[in-house]
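Source file: structure-v7.txt (compact mmCIF, C-alpha atoms)
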# COMPACT_ATOMS: atom_id res chain seq x y z
CA MET A 1 83.45 97.71 132.34
CA ASN A 2 82.30 96.26 129.01
CA ILE A 3 83.79 97.84 125.89
CA ILE A 4 83.08 96.92 122.27
CA SER A 5 86.05 96.73 119.91
CA LEU A 6 84.31 98.20 116.89
CA GLY A 7 85.70 97.49 113.44
CA ALA A 8 82.58 98.92 111.74
CA GLY A 9 82.21 95.87 109.52
CA VAL A 10 79.42 93.31 109.41
CA GLN A 11 80.12 91.36 112.59
CA SER A 12 81.05 94.11 115.04
CA SER A 13 78.25 96.37 113.75
CA THR A 14 75.73 93.58 114.28
CA MET A 15 77.12 92.91 117.75
CA ALA A 16 76.82 96.59 118.70
CA LEU A 17 73.25 96.87 117.42
CA MET A 18 72.25 93.63 119.17
CA ALA A 19 73.54 95.17 122.40
CA ALA A 20 71.51 98.29 121.67
CA HIS A 21 68.41 96.06 121.31
CA GLY A 22 69.17 94.34 124.60
CA GLU A 23 69.87 91.00 122.90
CA ILE A 24 73.42 90.95 124.31
CA THR A 25 73.85 91.94 127.92
CA PRO A 26 74.97 93.81 129.90
CA MET A 27 74.74 97.07 127.99
CA PRO A 28 78.34 98.07 127.16
CA GLU A 29 79.64 101.36 128.46
CA CYS A 30 81.02 102.31 125.05
CA ALA A 31 82.59 101.18 121.80
CA ILE A 32 86.01 102.10 120.44
CA PHE A 33 86.89 102.40 116.76
CA ALA A 34 90.61 102.48 115.91
CA ASP A 35 90.99 104.55 112.72
CA THR A 36 93.98 103.73 110.50
CA GLN A 37 92.91 106.63 108.24
CA ALA A 38 92.96 104.13 105.37
CA GLU A 39 89.40 102.82 105.37
CA PRO A 40 87.15 103.27 102.33
CA LYS A 41 84.79 106.25 102.44
CA ALA A 42 81.82 103.89 102.67
CA VAL A 43 83.09 102.48 105.99
CA MET A 44 83.49 105.91 107.57
CA GLU A 45 80.03 106.95 106.37
CA TRP A 46 78.62 103.73 107.83
CA LEU A 47 80.36 104.42 111.14
CA GLY A 48 78.79 107.87 111.29
CA TRP A 49 75.35 106.35 110.71
CA LEU A 50 75.94 103.58 113.23
CA GLU A 51 76.86 106.07 115.96
CA THR A 52 73.36 107.57 115.69
CA LYS A 53 71.76 104.16 116.36
CA LEU A 54 73.67 103.24 119.52
CA PRO A 55 72.68 104.29 123.05
CA PHE A 56 76.32 104.34 124.18
CA PRO A 57 79.20 106.51 122.92
CA VAL A 58 81.61 105.47 120.19
CA TYR A 59 85.14 106.77 120.68
CA ARG A 60 87.33 107.18 117.61
CA VAL A 61 91.04 106.81 118.27
CA THR A 62 94.01 106.82 115.92
CA ALA A 63 97.76 106.32 115.87
CA GLY A 64 98.00 108.49 112.76
CA SER A 65 97.94 107.74 109.07
CA LEU A 66 99.05 104.21 108.19
CA LYS A 67 99.52 105.33 104.59
CA ASN A 68 101.72 108.31 105.46
CA GLU A 69 103.86 106.23 107.79
CA SER A 70 104.47 103.67 105.05
CA LEU A 71 105.52 106.40 102.60
CA THR A 72 107.86 108.28 104.93
CA LEU A 73 111.54 107.77 104.18
CA ARG A 74 113.60 108.05 107.35
CA HIS A 75 117.35 108.49 107.69
CA SER A 76 119.63 106.73 110.15
CA LYS A 77 121.36 108.79 112.81
CA ASP A 78 124.80 108.16 111.33
CA GLY A 79 123.60 109.30 107.90
CA ASP A 80 124.80 106.13 106.18
CA GLY A 81 121.41 104.69 105.36
CA SER A 82 117.70 105.27 105.05
CA TYR A 83 114.65 103.20 105.84
CA VAL A 84 110.90 103.04 105.96
CA ARG A 85 108.95 101.51 108.82
CA ASN A 86 107.50 98.33 107.40
CA VAL A 87 104.09 98.04 109.01
CA VAL A 88 101.99 96.72 106.11
CA PRO A 89 102.58 93.02 105.23
CA ALA A 90 103.16 93.57 101.52
CA PHE A 91 104.64 91.02 99.16
CA THR A 92 108.11 91.62 97.72
CA ILE A 93 110.14 90.64 94.67
CA ASN A 94 113.77 90.49 95.78
CA PRO A 95 116.71 91.45 93.52
CA ASP A 96 117.54 87.76 93.01
CA GLY A 97 114.00 87.03 91.79
CA THR A 98 112.78 85.32 94.95
CA LYS A 99 109.53 86.41 96.55
CA GLY A 100 108.91 87.30 100.16
CA MET A 101 106.57 89.13 102.49
CA LEU A 102 107.15 91.99 104.89
CA LEU A 103 106.32 91.68 108.57
CA ARG A 104 102.88 92.81 109.69
CA LYS A 105 102.80 95.52 112.34
CA CYS A 106 99.75 97.45 111.21
CA THR A 107 97.31 95.61 113.47
CA ALA A 108 99.49 95.97 116.54
CA ASP A 109 100.49 99.60 115.92
CA TYR A 110 97.35 101.06 114.38
CA LYS A 111 94.54 98.94 115.84
CA ILE A 112 95.50 97.27 119.10
CA ALA A 113 97.79 99.97 120.56
CA PRO A 114 95.44 102.99 120.23
CA LEU A 115 92.47 100.89 121.31
CA ALA A 116 94.36 99.68 124.41
CA ARG A 117 95.39 103.24 125.33
CA LYS A 118 91.77 104.36 125.24
CA GLN A 119 90.65 101.31 127.21
CA ARG A 120 93.18 102.04 129.96
CA ALA A 121 92.16 105.70 130.10
CA LEU A 122 88.47 104.83 130.43
CA MET A 123 89.20 102.21 133.04
CA LYS A 124 91.33 104.65 135.06
CA ASN A 125 88.71 107.41 134.87
CA ALA A 126 86.08 104.98 136.13
CA GLY A 127 88.29 103.88 139.01
CA LEU A 128 88.30 100.28 137.79
CA LYS A 129 91.10 97.75 137.45
CA SER A 130 89.67 95.40 134.84
CA LEU A 131 87.48 95.36 131.74
CA THR A 132 85.90 93.02 129.24
CA SER A 133 86.56 93.68 125.56
CA TRP A 134 83.84 92.47 123.19
CA ILE A 135 85.23 91.32 119.84
CA GLY A 136 83.05 90.73 116.79
CA ILE A 137 84.29 87.35 115.62
CA SER A 138 81.55 85.09 114.27
CA LEU A 139 81.31 81.30 114.48
CA ASP A 140 82.77 80.79 111.01
CA GLU A 141 85.88 82.70 112.15
CA ALA A 142 86.33 80.97 115.49
CA HIS A 143 89.96 80.19 114.65
CA ARG A 144 90.69 83.91 115.04
CA MET A 145 89.84 83.88 118.74
CA LYS A 146 92.81 84.68 120.96
CA PRO A 147 93.02 85.45 124.69
CA SER A 148 93.93 88.90 125.88
CA ARG A 149 97.62 89.71 126.12
CA VAL A 150 97.16 91.91 129.18
CA LYS A 151 96.06 90.99 132.69
CA TYR A 152 93.59 93.86 133.14
CA ALA A 153 91.42 92.81 130.16
CA GLN A 154 89.56 89.70 129.17
CA HIS A 155 88.12 89.02 125.73
CA ARG A 156 84.52 88.09 125.06
CA TRP A 157 83.02 86.93 121.76
CA PRO A 158 79.22 87.43 121.97
CA LEU A 159 78.56 86.23 118.40
CA ILE A 160 80.34 82.97 119.19
CA GLU A 161 78.22 82.62 122.31
CA LYS A 162 75.10 82.93 120.15
CA GLU A 163 76.51 80.59 117.48
CA MET A 164 76.11 83.28 114.83
CA THR A 165 77.98 83.20 111.54
CA ARG A 166 78.51 86.14 109.20
CA PHE A 167 75.42 84.98 107.29
CA HIS A 168 73.39 85.09 110.51
CA CYS A 169 74.65 88.63 111.14
CA LEU A 170 73.48 89.78 107.71
CA ALA A 171 70.13 88.07 108.25
CA TRP A 172 69.74 89.78 111.65
CA MET A 173 70.45 93.17 110.11
CA LYS A 174 67.87 92.56 107.36
CA ASP A 175 65.24 91.29 109.80
CA HIS A 176 65.62 94.46 111.87
CA GLY A 177 65.38 96.79 108.90
CA TYR A 178 69.03 97.82 108.85
CA PRO A 179 71.10 98.20 105.68
CA GLN A 180 73.99 95.85 104.98
CA PRO A 181 77.28 97.15 106.40
CA PRO A 182 80.29 97.51 104.10
CA LYS A 183 83.35 95.34 104.55
CA SER A 184 85.81 97.01 106.87
CA ALA A 185 89.50 96.86 105.94
CA CYS A 186 92.16 99.25 104.73
CA THR A 187 91.87 99.89 101.00
CA PHE A 188 95.42 98.65 100.37
CA CYS A 189 95.45 95.63 102.70
CA PRO A 190 97.50 92.78 101.15
CA TYR A 191 95.31 90.31 103.04
CA HIS A 192 92.39 90.96 100.68
CA SER A 193 91.16 87.86 98.91
CA ASP A 194 90.79 88.10 95.14
CA ALA A 195 87.04 88.34 95.62
CA GLN A 196 87.56 91.32 97.92
CA TRP A 197 89.94 93.00 95.47
CA HIS A 198 87.43 92.42 92.66
CA GLU A 199 84.58 93.83 94.73
CA LEU A 200 86.64 96.89 95.70
CA LYS A 201 87.57 97.52 92.06
CA THR A 202 84.01 97.18 90.76
CA THR A 203 82.01 98.78 93.58
CA ASP A 204 84.44 101.42 94.83
CA PRO A 205 86.81 102.35 92.00
CA ILE A 206 88.01 105.44 93.86
CA ALA A 207 89.20 103.32 96.78
CA PHE A 208 90.79 100.82 94.39
CA ASP A 209 92.62 103.63 92.59
CA GLU A 210 93.89 104.80 95.98
CA ALA A 211 95.37 101.34 96.55
CA VAL A 212 97.00 101.36 93.10
CA THR A 213 98.46 104.80 93.77
CA PHE A 214 99.67 103.75 97.21
CA GLU A 215 101.54 100.77 95.72
CA ARG A 216 103.25 103.01 93.15
CA GLU A 217 104.16 105.68 95.69
CA TRP A 218 105.50 103.11 98.14
CA ASN A 219 107.79 101.69 95.48
CA ALA A 220 108.91 105.19 94.53
CA VAL A 221 110.04 105.67 98.13
CA VAL A 222 111.61 102.22 98.50
CA LEU A 223 113.47 102.32 95.18
CA THR A 224 115.13 105.69 95.74
CA GLU A 225 118.86 106.14 95.21
CA LYS A 226 119.38 105.69 98.98
CA ARG A 227 117.50 102.44 99.25
CA PRO A 228 115.94 101.59 102.63
CA SER A 229 118.21 99.11 104.33
CA GLN A 230 115.59 96.49 105.14
CA THR A 231 113.60 96.59 101.88
CA LYS A 232 115.68 95.81 98.80
CA GLY A 233 112.98 94.63 96.39
CA VAL A 234 109.85 95.73 94.60
CA ILE A 235 106.73 95.90 96.77
CA ARG A 236 103.39 94.46 95.66
CA LEU A 237 100.00 94.40 97.35
CA HIS A 238 98.79 91.24 95.57
CA ARG A 239 100.24 87.78 96.19
CA SER A 240 100.85 87.31 92.45
CA CYS A 241 103.45 90.08 92.75
CA LEU A 242 101.99 91.77 89.67
CA PRO A 243 101.22 95.49 89.76
CA LEU A 244 97.79 95.79 91.32
CA ASP A 245 96.18 97.37 88.26
CA GLN A 246 97.37 94.46 86.10
CA VAL A 247 95.86 91.61 88.14
CA ASP A 248 92.84 89.74 86.75
CA PHE A 249 91.07 89.13 90.04
CA ARG A 250 88.30 87.09 88.41
CA SER A 251 90.78 84.51 87.10
CA ALA A 252 92.53 84.38 90.47
CA GLU A 253 89.21 84.02 92.23
CA ASP A 254 88.26 81.11 89.97
CA ALA A 255 91.52 79.42 90.99
CA GLY A 256 90.19 79.16 94.55
CA GLN A 257 92.52 81.55 96.33
CA LEU A 258 91.45 82.28 99.88
CA SER A 259 91.49 85.32 102.12
CA MET A 260 94.44 85.65 104.47
CA PHE A 261 92.35 87.38 107.14
CA GLY A 262 92.11 84.07 108.97
CA ASN A 263 95.66 84.66 110.21
CA GLU A 264 95.00 88.26 111.23
CA CYS A 265 95.99 88.71 114.85
CA GLU A 266 93.44 89.41 117.57
CA GLY A 267 90.54 89.71 115.11
CA MET A 268 90.85 93.49 115.16
CA CYS A 269 90.83 94.15 111.40
CA GLY A 270 87.85 93.72 109.14
CA VAL A 271 85.38 92.86 111.91
Show this structure as structure tokens.
Amino acid sequence: MNIISLGAGVQSSTMALMAAHGEITPMPECAIFADTQAEPKAVMEWLGWLETKLPFPVYRVTAGSLKNESLTLRHSKDGDGSYVRNVVPAFTINPDGTKGMLLRKCTADYKIAPLARKQRALMKNAGLKSLTSWIGISLDEAHRMKPSRVKYAQHRWPLIEKEMTRFHCLAWMKDHGYPQPPKSACTFCPYHSDAQWHELKTTDPIAFDEAVTFEREWNAVVLTEKRPSQTKGVIRLHRSCLPLDQVDFRSAEDAGQLSMFGNECEGMCGV
């Protein structure tokens, strides 16, 4: 069984359409999109359009709202403390002035886990014991390639096989008369480069405002009277640790800051 891990961004969309054209074989049985419920509207609209162009089904799966989980204040069983589940790798300003970063669990909990559950269900229904997961990593992102963590699945990177970069993917889409896909990533992802933040702010101000609001609401939860035990500082989505709406992304971009997506596990986000 061949299954596409569909991020609905440039690379995975190109990979899926190339399969539809018979340029990558065999024809996959399906694609799976793991929805964090935090993607920009443009990505979800693109996904809906893409589904109409593919000869195989696209299954949408979700582990719930990543935003809501991050904003939910939970209370310990003994009643002595409260906490939030830190799943987004935000930056922090600690009470002593030092800076840190929260652990990242969003990819594992909201991308990999729901995708794996659907893969296992499809495999079981088909009476199979193994599958191949196609991942849309291009040649310029080869450092993101990682082997499967489970015995029943193996990873395949068709764009790597064809020595295609992100530029080649965009050229393929244009040559075949397809529009350019939007960049796929949660609106409030701290791994955005300054160029990505700037693009989000200028091309999708509604999504950018959602990220600004999310940062404020998250801090409102964290800095309550009963402070979450594992998060003592102020939370910021930008590495400068300034409030998101106060960052000059153009100046930061000129300083040569790079995207942190290169360290993103399994290549499941923004593909």
Would you mind listing, for every residue of region 128-199 of chain A within 7 Å of region 42-63 of chain A, the two atoms forming the shortest contact and the distance between them in Å to one decimal, using all atoms listed in the file, sorted by chain and ascending residue number, as JSON lines?
{"residue": "A:Pro181", "atom": "CA", "partner": "A:Trp46", "partner_atom": "CA", "distance": 6.9}
{"residue": "A:Pro182", "atom": "CA", "partner": "A:Val43", "partner_atom": "CA", "distance": 6.0}
{"residue": "A:Ser184", "atom": "CA", "partner": "A:Val43", "partner_atom": "CA", "distance": 6.2}
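Here the question is which of A:Cys189, A:Cys106, A:Leu128, A:Leu17 gets nearest to Ala153 (chain A) using only C-alpha atoms, and that residue is A:Leu128.
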Have a look at A:Phe249, A:Phe188, A:Trp134, A:Tyr178 and name the one nearest to Ser148 (chain A); count only C-alpha atoms. A:Trp134
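Of the listed residues A:His155, A:Gly22, A:Asp245, A:Ala220, the one whose atoms come nearest to His198 (chain A) is A:Asp245, with distances taken using only C-alpha atoms.
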CA of Arg120 (chain A) to CA of Arg104 (chain A), straight-line distance in Å: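 Value for the CA of Arg104 (chain A)-CA of Arg120 (chain A) distance: 24.3 Å.
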For the point (74.5, 91.1, 124.3) in the file's frame, write as a list in words all residues with an atom no more than 10 Å away, counting all atoms listed in the file.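 All residues meeting the 10 Å criterion around (74.5, 91.1, 124.3) are Met15, Ala16, Leu17, Met18, Ala19, Ala20, His21, Gly22, Glu23, Ile24, Thr25, Pro26, Met27, Pro28, Trp134, Trp157, Pro158, Leu159, Glu161 and Lys162 of chain A.
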